[in-house]
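Shown next: coords-v1.tsv, containing TSV, C-alpha atoms.
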chain	number	residue	atom	x	y	z
P	1	MET	CA	0.00	0.00	0.00
P	2	ARG	CA	1.47	3.33	-1.09
P	3	VAL	CA	0.54	6.44	0.91
P	4	ILE	CA	0.57	9.84	-0.82
P	5	ALA	CA	0.19	13.07	1.15
P	6	VAL	CA	-1.03	16.15	-0.73
P	7	ALA	CA	0.11	19.09	1.37
P	8	ASN	CA	0.93	22.78	1.29
P	9	GLN	CA	0.52	25.13	4.23
P	10	LYS	CA	-0.81	27.76	1.81
P	11	GLY	CA	-4.52	27.64	1.02
P	12	GLY	CA	-6.02	28.12	-2.43
P	13	CYS	CA	-3.44	26.04	-4.30
P	14	GLY	CA	-5.77	23.26	-5.46
P	15	LYS	CA	-4.79	20.82	-2.72
P	16	THR	CA	-8.22	19.32	-2.10
P	17	THR	CA	-9.12	19.39	-5.80
P	18	THR	CA	-5.93	17.46	-6.52
P	19	SER	CA	-6.55	14.99	-3.69
P	20	ILE	CA	-10.08	14.22	-4.87
P	21	ASN	CA	-9.29	13.94	-8.56
P	22	LEU	CA	-6.00	12.07	-8.25
P	23	ALA	CA	-7.77	9.52	-6.03
P	24	ALA	CA	-10.68	9.32	-8.48
P	25	CYS	CA	-8.37	8.81	-11.47
P	26	LEU	CA	-6.38	6.10	-9.71
P	27	ALA	CA	-9.68	4.38	-8.96
P	28	HIS	CA	-10.72	4.93	-12.59
P	29	LEU	CA	-7.59	2.98	-13.56
P	30	GLY	CA	-8.75	0.09	-11.40
P	31	LYS	CA	-6.60	0.84	-8.33
P	32	GLN	CA	-8.24	0.25	-4.94
P	33	THR	CA	-7.86	3.74	-3.49
P	34	LEU	CA	-8.65	5.38	-0.16
P	35	LEU	CA	-8.97	9.16	0.21
P	36	VAL	CA	-8.42	10.39	3.78
P	37	ASP	CA	-9.92	13.80	4.61
P	38	LEU	CA	-7.48	15.33	7.10
P	39	ASP	CA	-8.92	18.84	6.76
P	40	PRO	CA	-11.36	19.84	9.56
P	41	GLN	CA	-13.27	21.81	6.94
P	42	GLY	CA	-14.24	18.46	5.42
P	43	HIS	CA	-13.82	19.67	1.85
P	44	SER	CA	-12.92	16.25	0.42
P	45	THR	CA	-15.95	14.80	2.17
P	46	CYS	CA	-18.40	17.31	0.73
P	47	GLY	CA	-16.45	17.46	-2.55
P	48	LEU	CA	-17.39	13.81	-3.14
P	49	GLY	CA	-21.00	14.43	-2.16
P	50	VAL	CA	-20.78	12.46	1.11
P	51	GLN	CA	-23.24	13.67	3.73
P	52	LEU	CA	-22.56	12.51	7.28
P	53	GLU	CA	-25.43	11.59	9.52
P	54	LYS	CA	-25.57	13.06	12.99
P	55	GLY	CA	-23.32	11.07	15.30
P	56	ALA	CA	-21.53	9.30	12.44
P	57	LEU	CA	-17.99	8.12	13.13
P	58	THR	CA	-15.26	10.14	11.40
P	59	LEU	CA	-11.49	10.43	11.27
P	60	TYR	CA	-11.58	12.17	14.65
P	61	ASP	CA	-12.90	9.02	16.32
P	62	LEU	CA	-10.02	7.06	14.83
P	63	LEU	CA	-7.17	9.41	15.74
P	64	GLY	CA	-8.51	10.71	19.05
P	65	PHE	CA	-9.30	7.34	20.56
P	66	ARG	CA	-8.40	5.96	23.90
P	67	GLU	CA	-6.99	2.48	23.42
P	68	ALA	CA	-9.94	0.71	25.05
P	69	LEU	CA	-12.41	2.61	22.86
P	70	ARG	CA	-10.59	2.31	19.53
P	71	PRO	CA	-13.08	1.84	16.65
P	72	SER	CA	-12.36	-0.27	13.59
P	73	VAL	CA	-11.43	1.56	10.39
P	74	MET	CA	-13.66	-0.17	7.89
P	75	PRO	CA	-17.07	0.81	9.39
P	76	ILE	CA	-16.01	4.47	9.19
P	77	LEU	CA	-15.20	4.35	5.48
P	78	LYS	CA	-17.67	5.56	2.88
P	79	GLN	CA	-17.66	3.74	-0.46
P	80	VAL	CA	-17.80	6.18	-3.37
P	81	ASN	CA	-17.57	3.59	-6.14
P	82	SER	CA	-16.19	0.09	-6.67
P	83	CYS	CA	-12.55	1.24	-6.32
P	84	LEU	CA	-12.75	4.48	-4.32
P	85	TYR	CA	-13.34	4.85	-0.58
P	86	LEU	CA	-13.37	7.90	1.69
P	87	LEU	CA	-12.36	8.28	5.33
P	88	PRO	CA	-14.49	11.36	6.15
P	89	SER	CA	-14.06	14.22	8.57
P	90	ASP	CA	-15.97	17.23	9.84
P	91	GLY	CA	-15.45	20.23	12.12
P	92	VAL	CA	-14.98	18.06	15.21
P	93	LEU	CA	-11.50	17.30	13.89
P	94	ASN	CA	-10.49	20.82	14.98
P	95	ALA	CA	-10.38	19.53	18.57
P	96	LEU	CA	-7.70	16.95	17.82
P	97	GLU	CA	-4.77	19.31	18.17
P	98	GLU	CA	-5.70	20.17	21.76
P	99	ASP	CA	-6.70	16.58	22.59
P	100	LEU	CA	-3.30	15.24	21.53
P	101	ALA	CA	-1.20	18.10	22.88
P	102	ASN	CA	0.40	15.97	25.62
P	103	SER	CA	0.33	12.63	23.79
P	104	PRO	CA	3.83	11.25	23.04
P	105	ASP	CA	2.57	9.55	19.86
P	106	ARG	CA	0.49	12.49	18.62
P	107	ASP	CA	2.25	12.58	15.22
P	108	LYS	CA	2.10	8.82	14.65
P	109	ARG	CA	-1.59	8.06	15.18
P	110	LEU	CA	-2.46	8.03	11.46
P	111	LYS	CA	0.49	5.82	10.51
P	112	ARG	CA	-0.56	3.30	13.15
P	113	GLU	CA	-4.09	3.17	11.77
P	114	LEU	CA	-2.95	2.81	8.18
P	115	ASP	CA	-0.58	0.00	9.16
P	116	ILE	CA	-3.53	-1.80	10.78
P	117	LEU	CA	-5.67	-1.15	7.70
P	118	GLU	CA	-3.02	-2.60	5.42
P	119	ARG	CA	-2.75	-5.78	7.54
P	120	GLU	CA	-6.51	-6.25	7.81
P	121	ASN	CA	-7.45	-5.11	4.29
P	122	PRO	CA	-4.52	-5.72	1.92
P	123	ASP	CA	-6.62	-4.89	-1.16
P	124	PHE	CA	-6.00	-1.16	-0.80
P	125	GLU	CA	-3.22	-0.11	-3.19
P	126	TYR	CA	-3.08	3.67	-2.77
P	127	VAL	CA	-4.02	6.06	0.03
P	128	ILE	CA	-4.34	9.80	-0.67
P	129	LEU	CA	-4.08	12.14	2.32
P	130	ASP	CA	-5.77	15.54	1.86
P	131	CYS	CA	-3.97	17.72	4.42
P	132	PRO	CA	-5.18	20.96	6.02
P	133	PRO	CA	-3.59	24.26	4.92
P	134	ASN	CA	-1.19	24.46	7.87
P	135	LEU	CA	1.69	22.58	9.47
P	136	GLY	CA	-0.13	21.40	12.59
P	137	VAL	CA	-0.58	17.98	14.14
P	138	LEU	CA	-2.78	16.67	11.30
P	139	THR	CA	-0.23	17.54	8.61
P	140	PHE	CA	2.59	16.06	10.68
P	141	ASN	CA	0.54	12.85	11.02
P	142	ALA	CA	0.24	12.79	7.24
P	143	LEU	CA	3.96	13.37	6.68
P	144	GLU	CA	4.84	10.61	9.15
P	145	ALA	CA	2.50	8.16	7.42
P	146	ALA	CA	3.29	9.06	3.81
P	147	ASP	CA	5.67	7.40	1.38
P	148	ASP	CA	5.31	10.25	-1.11
P	149	LEU	CA	4.46	13.94	-0.80
P	150	ILE	CA	2.88	15.99	-3.59
P	151	ILE	CA	3.08	19.76	-3.08
P	152	PRO	CA	0.52	21.62	-5.23
P	153	ILE	CA	1.89	25.01	-6.29
P	154	GLU	CA	-0.26	27.64	-7.97
P	155	PRO	CA	1.59	30.29	-9.99
P	156	SER	CA	1.92	33.17	-7.54
P	157	PHE	CA	4.67	34.98	-5.64
P	158	PHE	CA	3.18	34.00	-2.27
P	159	SER	CA	3.15	30.34	-3.24
P	160	LEU	CA	6.85	30.39	-4.05
P	161	HIS	CA	7.56	32.27	-0.83
P	162	GLY	CA	5.80	29.53	1.18
P	163	LEU	CA	7.94	26.77	-0.33
P	164	ALA	CA	10.83	27.69	1.96
P	165	LYS	CA	8.79	26.88	5.07
P	166	ILE	CA	7.52	23.49	3.93
P	167	SER	CA	10.97	22.61	2.51
P	168	GLU	CA	12.51	23.34	5.90
P	169	THR	CA	9.89	21.16	7.59
P	170	ILE	CA	10.53	18.28	5.19
P	171	GLN	CA	14.30	18.44	5.66
P	172	HIS	CA	13.84	18.26	9.43
P	173	LEU	CA	11.40	15.37	9.09
P	174	GLN	CA	13.73	13.36	6.85
P	175	ILE	CA	16.29	13.16	9.66
P	176	PHE	CA	13.96	11.13	11.88
P	177	ARG	CA	12.22	8.95	9.28
P	178	GLU	CA	13.16	5.32	8.80
P	179	THR	CA	12.64	5.66	5.03
P	180	ARG	CA	13.08	8.77	2.94
P	181	LEU	CA	9.96	10.72	1.95
P	182	ASN	CA	9.76	11.16	-1.83
P	183	VAL	CA	8.79	14.75	-2.62
P	184	TYR	CA	7.13	15.94	-5.82
P	185	ALA	CA	5.93	19.38	-6.91
P	186	LEU	CA	2.78	19.83	-9.00
P	187	LEU	CA	1.86	23.04	-10.78
P	188	THR	CA	-1.86	23.75	-10.42
P	189	LEU	CA	-4.28	26.49	-11.52
P	190	PHE	CA	-1.82	27.05	-14.34
P	191	ASP	CA	-2.23	29.38	-17.32
P	192	SER	CA	0.41	28.48	-19.88
P	193	ASP	CA	-0.44	31.48	-22.08
P	194	THR	CA	0.96	34.08	-19.68
P	195	THR	CA	4.58	35.15	-19.36
P	196	PHE	CA	4.24	35.13	-15.56
P	197	GLY	CA	3.09	31.51	-15.64
P	198	GLN	CA	6.14	30.52	-17.63
P	199	GLU	CA	8.42	32.39	-15.21
P	200	ILE	CA	6.88	30.55	-12.27
P	201	TYR	CA	7.32	27.26	-14.09
P	202	GLU	CA	11.03	27.96	-14.64
P	203	GLU	CA	11.52	28.90	-10.96
P	204	VAL	CA	9.77	25.78	-9.70
P	205	LEU	CA	11.70	23.63	-12.17
P	206	ALA	CA	14.99	25.14	-10.99
P	207	HIS	CA	14.08	24.40	-7.37
P	208	PHE	CA	12.67	20.87	-7.76
P	209	GLN	CA	14.35	19.70	-11.00
P	210	ASP	CA	13.27	16.10	-11.70
P	211	GLN	CA	10.98	16.20	-8.66
P	212	LEU	CA	8.66	18.53	-10.59
P	213	LEU	CA	5.89	16.43	-12.10
P	214	ARG	CA	5.67	16.92	-15.83
P	215	THR	CA	1.89	16.99	-15.67
P	216	VAL	CA	0.46	20.49	-15.27
P	217	ILE	CA	-3.06	21.09	-13.91
P	218	HIS	CA	-4.52	23.97	-15.88
P	219	ASN	CA	-6.99	26.46	-14.47
P	220	ALA	CA	-10.48	25.26	-15.40
P	221	ILE	CA	-13.90	26.38	-14.16
P	222	VAL	CA	-15.23	22.84	-14.64
P	223	LEU	CA	-13.19	21.73	-11.61
P	224	LYS	CA	-15.12	24.15	-9.40
P	225	GLU	CA	-18.37	23.03	-10.96
P	226	ALA	CA	-17.55	19.39	-10.21
P	227	SER	CA	-16.80	20.21	-6.56
P	228	SER	CA	-20.08	22.11	-6.24
P	229	ALA	CA	-21.89	19.09	-7.66
P	230	GLY	CA	-20.20	16.79	-5.13
P	231	GLN	CA	-18.42	14.80	-7.84
P	232	SER	CA	-14.92	14.14	-9.05
P	233	ILE	CA	-13.98	15.28	-12.53
P	234	VAL	CA	-14.10	11.62	-13.58
P	235	GLU	CA	-17.84	11.54	-12.93
P	236	TYR	CA	-18.69	15.13	-13.75
P	237	ALA	CA	-16.86	15.83	-17.01
P	238	PRO	CA	-14.87	12.83	-18.35
P	239	GLU	CA	-14.55	14.50	-21.77
P	240	SER	CA	-13.00	17.70	-20.39
P	241	SER	CA	-9.39	18.86	-20.56
P	242	ALA	CA	-9.42	18.97	-16.74
P	243	PHE	CA	-10.11	15.23	-16.68
P	244	ARG	CA	-7.21	14.66	-19.06
P	245	ASP	CA	-4.90	16.69	-16.79
P	246	TYR	CA	-5.71	14.60	-13.72
P	247	PHE	CA	-5.77	11.35	-15.69
P	248	HIS	CA	-2.26	12.16	-16.96
P	249	LEU	CA	-1.22	12.96	-13.38
P	250	ALA	CA	-2.39	9.52	-12.22
P	251	VAL	CA	-0.61	7.82	-15.11
P	252	GLU	CA	2.61	9.77	-14.48
P	253	TYR	CA	2.54	8.88	-10.79
P	254	LEU	CA	2.03	5.18	-11.56
P	255	LYS	CA	4.94	5.29	-14.03
P	256	ARG	CA	7.21	6.91	-11.46
P	257	ASP	CA	6.12	4.40	-8.85
P	258	TRP	CA	6.93	1.57	-11.25
P	259	GLN	CA	10.35	3.03	-12.05
P	260	ARG	CA	11.03	3.46	-8.32
P	261	ARG	CA	10.35	-0.20	-7.65
P	262	PHE	CA	12.18	-1.48	-10.72
P	263	PRO	CA	14.87	1.10	-11.53
P	264	MET	CA	16.95	-1.27	-13.64
P	265	ASN	CA	14.04	-2.76	-15.56
P	266	GLU	CA	11.46	-0.23	-16.68
P	267	LEU	CA	9.56	-2.82	-18.70
P	268	GLY	CA	9.27	-5.41	-15.96
P	269	TRP	CA	8.57	-8.18	-18.49
P	270	LYS	CA	9.68	-11.68	-17.57
P	271	ASN	CA	9.66	-14.94	-19.49
P	272	ILE	CA	9.10	-13.14	-22.78
P	273	LEU	CA	9.51	-15.30	-25.86
P	274	HIS	CA	11.83	-13.61	-28.34
P	275	ARG	CA	9.48	-13.74	-31.28
P	276	HIS	CA	7.75	-10.92	-33.13
P	277	TYR	CA	4.28	-10.24	-31.80
P	278	GLY	CA	4.01	-6.59	-32.81
P	279	PRO	CA	0.71	-5.06	-33.97
P	280	ARG	CA	-0.57	-6.06	-37.38
P	281	SER	CA	-3.66	-5.40	-39.49
P	282	VAL	CA	-6.31	-8.11	-39.46
P	283	LEU	CA	-9.96	-8.34	-40.43
P	284	GLY	CA	-11.81	-5.94	-38.11
P	285	GLY	CA	-8.90	-3.72	-37.09
P	286	VAL	CA	-5.42	-4.08	-35.61
P	287	LEU	CA	-4.32	-7.14	-33.66
P	288	PHE	CA	-2.23	-6.32	-30.58
P	289	GLN	CA	-0.35	-9.16	-28.87
P	290	ALA	CA	1.70	-9.65	-25.74
P	291	ILE	CA	3.45	-12.59	-24.11
P	292	ASN	CA	3.41	-12.94	-20.33
P	293	GLU	CA	2.77	-16.29	-18.70
P	294	LYS	CA	2.57	-15.00	-15.12
P	295	ALA	CA	0.25	-12.01	-15.62
P	296	GLU	CA	-3.24	-12.11	-14.13
P	297	ILE	CA	-4.57	-9.46	-16.50
P	298	VAL	CA	-3.14	-7.58	-19.47
P	299	GLU	CA	-4.85	-4.48	-20.85
P	300	ILE	CA	-4.17	-2.01	-23.62
P	301	ALA	CA	-4.73	1.75	-23.70
P	302	GLY	CA	-3.85	4.43	-26.20
P	303	ASP	CA	-4.98	7.33	-28.30
P	304	PHE	CA	-7.43	5.02	-30.07
P	305	ASN	CA	-9.51	4.43	-26.90
P	306	GLN	CA	-8.90	7.70	-25.01
P	307	TRP	CA	-6.33	5.87	-22.84
P	308	ILE	CA	-9.08	3.89	-21.11
P	309	PRO	CA	-7.62	0.40	-20.48
P	310	GLU	CA	-9.34	-2.48	-22.31
P	311	ALA	CA	-8.77	-6.08	-21.27
P	312	MET	CA	-6.93	-8.37	-23.67
P	313	GLN	CA	-7.95	-12.01	-24.07
P	314	LYS	CA	-5.64	-14.67	-22.68
P	315	ARG	CA	-4.66	-17.51	-25.01
P	316	PRO	CA	-2.58	-20.65	-24.29
P	317	ASN	CA	1.14	-20.29	-23.47
P	318	GLY	CA	0.79	-16.82	-21.98
P	319	LEU	CA	-0.33	-15.13	-25.21
P	320	TRP	CA	-2.64	-12.12	-24.81
P	321	GLN	CA	-4.52	-10.67	-27.78
P	322	LYS	CA	-6.93	-7.87	-28.61
P	323	VAL	CA	-8.34	-6.69	-31.95
P	324	ILE	CA	-9.16	-2.98	-31.90
P	325	PRO	CA	-10.97	-1.17	-34.75
P	326	ILE	CA	-8.68	1.74	-35.69
P	327	HIS	CA	-8.98	4.33	-38.45
P	328	PRO	CA	-5.88	5.46	-40.35
P	329	GLY	CA	-3.79	7.82	-38.24
P	330	LYS	CA	-0.96	8.11	-35.74
P	331	TYR	CA	-1.38	6.46	-32.34
P	332	ARG	CA	0.54	6.11	-29.08
P	333	TYR	CA	-0.26	3.16	-26.84
P	334	LYS	CA	0.90	1.01	-23.94
P	335	PHE	CA	0.11	-2.30	-22.29
P	336	ILE	CA	-0.99	-2.47	-18.64
P	337	VAL	CA	0.26	-5.69	-17.06
P	338	ASP	CA	-1.29	-6.35	-13.64
P	339	GLY	CA	-1.75	-2.61	-13.27
P	340	GLU	CA	1.72	-1.58	-14.47
P	341	TRP	CA	2.13	0.50	-17.63
P	342	GLN	CA	4.64	-0.92	-20.14
P	343	ILE	CA	5.62	-0.33	-23.72
P	344	ASP	CA	5.13	-3.05	-26.34
P	345	PRO	CA	8.50	-4.87	-26.48
P	346	TYR	CA	7.66	-6.15	-29.98
P	347	GLN	CA	6.97	-2.73	-31.48
P	348	PRO	CA	10.33	-1.08	-32.29
P	349	VAL	CA	8.83	2.33	-33.05
P	350	GLN	CA	8.50	4.55	-29.98
P	351	ARG	CA	7.92	8.22	-29.24
P	352	GLN	CA	8.88	10.23	-26.17
P	353	ASN	CA	5.92	11.53	-24.19
P	354	GLU	CA	5.41	14.58	-22.01
P	355	TYR	CA	6.39	12.63	-18.88
P	356	GLY	CA	9.95	11.98	-20.05
P	357	THR	CA	9.33	8.29	-20.82
P	358	VAL	CA	8.30	6.67	-24.09
P	359	ASP	CA	5.12	5.24	-25.60
P	360	SER	CA	4.82	2.59	-28.26
P	361	TYR	CA	3.92	4.25	-31.57
P	362	LEU	CA	1.80	3.01	-34.46
P	363	GLU	CA	1.02	4.75	-37.74
P	364	LEU	CA	-1.73	3.41	-40.02
P	365	VAL	CA	-2.10	4.66	-43.57

Would you mind writing the file's structure down as structure tokens?
Amino acid sequence: MRVIAVANQKGGCGKTTTSINLAACLAHLGKQTLLVDLDPQGHSTCGLGVQLEKGALTLYDLLGFREALRPSVMPILKQVNSCLYLLPSDGVLNALEEDLANSPDRDKRLKRELDILERENPDFEYVILDCPPNLGVLTFNALEAADDLIIPIEPSFFSLHGLAKISETIQHLQIFRETRLNVYALLTLFDSDTTFGQEIYEEVLAHFQDQLLRTVIHNAIVLKEASSAGQSIVEYAPESSAFRDYFHLAVEYLKRDWQRRFPMNELGWKNILHRHYGPRSVLGGVLFQAINEKAEIVEIAGDFNQWIPEAMQKRPNGLWQKVIPIHPGKYRYKFIVDGEWQIDPYQPVQRQNEYGTVDSYLELV
């Protein structure tokens, strides 16, 4: 289970919007995902249209417990769809800082609960932590529990000024962590047509270098409309450019996670037969093929299906096939093997993408 904190002590940077829509896009890609609302304002909770009944258990009951009264995690969760769950919060969470003031484990409560959740419910693959806009006890709980940190940065002078504070906090935290926290920067509310926006981009790039995510979240009114409707952008406007931004963010994160786990083998393919199984024209479209005897599921996604993964059919001897109707044109595509994005090892033509990696490339005339 990989835990991702989305944090910035500055408000108005798209933190909650990013938390909701990154979680929704990971779920859209078939990843079992949990979104944890660590903000006492409960914006992720209401942003997903979840209404809490009076007396309902929330994150406060989980983190503020006395040992003898500790509730179980699962009954608190709200299921949004088949792959997305929410751990909700409300204004009561404001009391947690005072409640835990003298507790020696006040910054480790969330990590303890997520460790228990992972042991009891190993199906969860990703946890997104929507942090409050400050560096209090809730944010420190998130940073203790997280494997990765995404810092949303909107193009403004004040946003850049605030980076020094959170950078100092992270450097201090790294000293006491058992494993290093991976830090990424994400440009949000971005307008690429302005000179100021480009200047901000260059400054953030100079500061974070390869830790700056290549995906940029552009300013879009449809994101505010989705929040008002209590829906993620996946549900509200799947044909919008805002959806594409967050979908690309989810894909880029998964690629980076894959490269982190397998730095010397980006493809991750094993037991591949060295024969040519590249795409070829057949009756009804283009036949795509892959060889992987150990895979549970192999899917294909590309420009021809809006990058929505489609399952391939398993044949004997680890052969996977899929015929896709495609009109003449230029297409990028990839296989998804047990949830991991990979190029087609039998298609020699590739093109670099906006994330700094490559896609398999097919041109039909």

Skipping near chain neighbours, those fewer than 2 positions away, what residues fall within 12 Å of region 360-364 of chain P using all atoms listed in the file, listed as a VMD selection string? chain P and resid 267 278 to 281 285 to 288 300 to 304 325 to 335 341 to 353 357 to 358

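Across the model, the gap from CA of Ile150 (chain P) to CA of Ala229 (chain P) is 25.3 Å.
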
Rounded to one decimal in Å, what is the spacing between CA of Glu97 (chain P) and CA of Val137 (chain P)? 6.0 Å

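Relative to CA of Asp191 (chain P), CA of Asn219 (chain P) is found at 6.3 Å.
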
So which residues touch Gly356 (chain P) within 10 Å, counting only C-alpha atoms, skipping near sequence neighbours fewer than 4 positions away, as a list in words? Asp210, Leu213, Arg214, Glu252 and Gln352 of chain P

Identify the residues within 9 Å of coordinate (-15.3, 25.4, -19.9) (same frame as the file), considering all atoms listed in the file, and give the answer as JSON, numbers by chain. {"P": [220, 221, 222, 240, 241]}

Leaving out region 111-127 of chain P and any residue of its chain fewer than 5 positions from it, which residues lie within 9 Å of it when counting all atoms listed in the file, given as a JSON list (two decimals) with C-alpha atoms, in the coordinates of the input?
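This went into result24.json:
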[["chain", "number", "residue", "atom", "x", "y", "z"],
["P", 1, "MET", "CA", 0.00, 0.00, 0.00],
["P", 2, "ARG", "CA", 1.47, 3.33, -1.09],
["P", 3, "VAL", "CA", 0.54, 6.44, 0.91],
["P", 4, "ILE", "CA", 0.57, 9.84, -0.82],
["P", 5, "ALA", "CA", 0.19, 13.07, 1.15],
["P", 23, "ALA", "CA", -7.77, 9.52, -6.03],
["P", 26, "LEU", "CA", -6.38, 6.10, -9.71],
["P", 31, "LYS", "CA", -6.60, 0.84, -8.33],
["P", 32, "GLN", "CA", -8.24, 0.25, -4.94],
["P", 33, "THR", "CA", -7.86, 3.74, -3.49],
["P", 34, "LEU", "CA", -8.65, 5.38, -0.16],
["P", 35, "LEU", "CA", -8.97, 9.16, 0.21],
["P", 36, "VAL", "CA", -8.42, 10.39, 3.78],
["P", 62, "LEU", "CA", -10.02, 7.06, 14.83],
["P", 63, "LEU", "CA", -7.17, 9.41, 15.74],
["P", 72, "SER", "CA", -12.36, -0.27, 13.59],
["P", 73, "VAL", "CA", -11.43, 1.56, 10.39],
["P", 74, "MET", "CA", -13.66, -0.17, 7.89],
["P", 83, "CYS", "CA", -12.55, 1.24, -6.32],
["P", 141, "ASN", "CA", 0.54, 12.85, 11.02],
["P", 142, "ALA", "CA", 0.24, 12.79, 7.24],
["P", 144, "GLU", "CA", 4.84, 10.61, 9.15],
["P", 145, "ALA", "CA", 2.50, 8.16, 7.42],
["P", 146, "ALA", "CA", 3.29, 9.06, 3.81]]
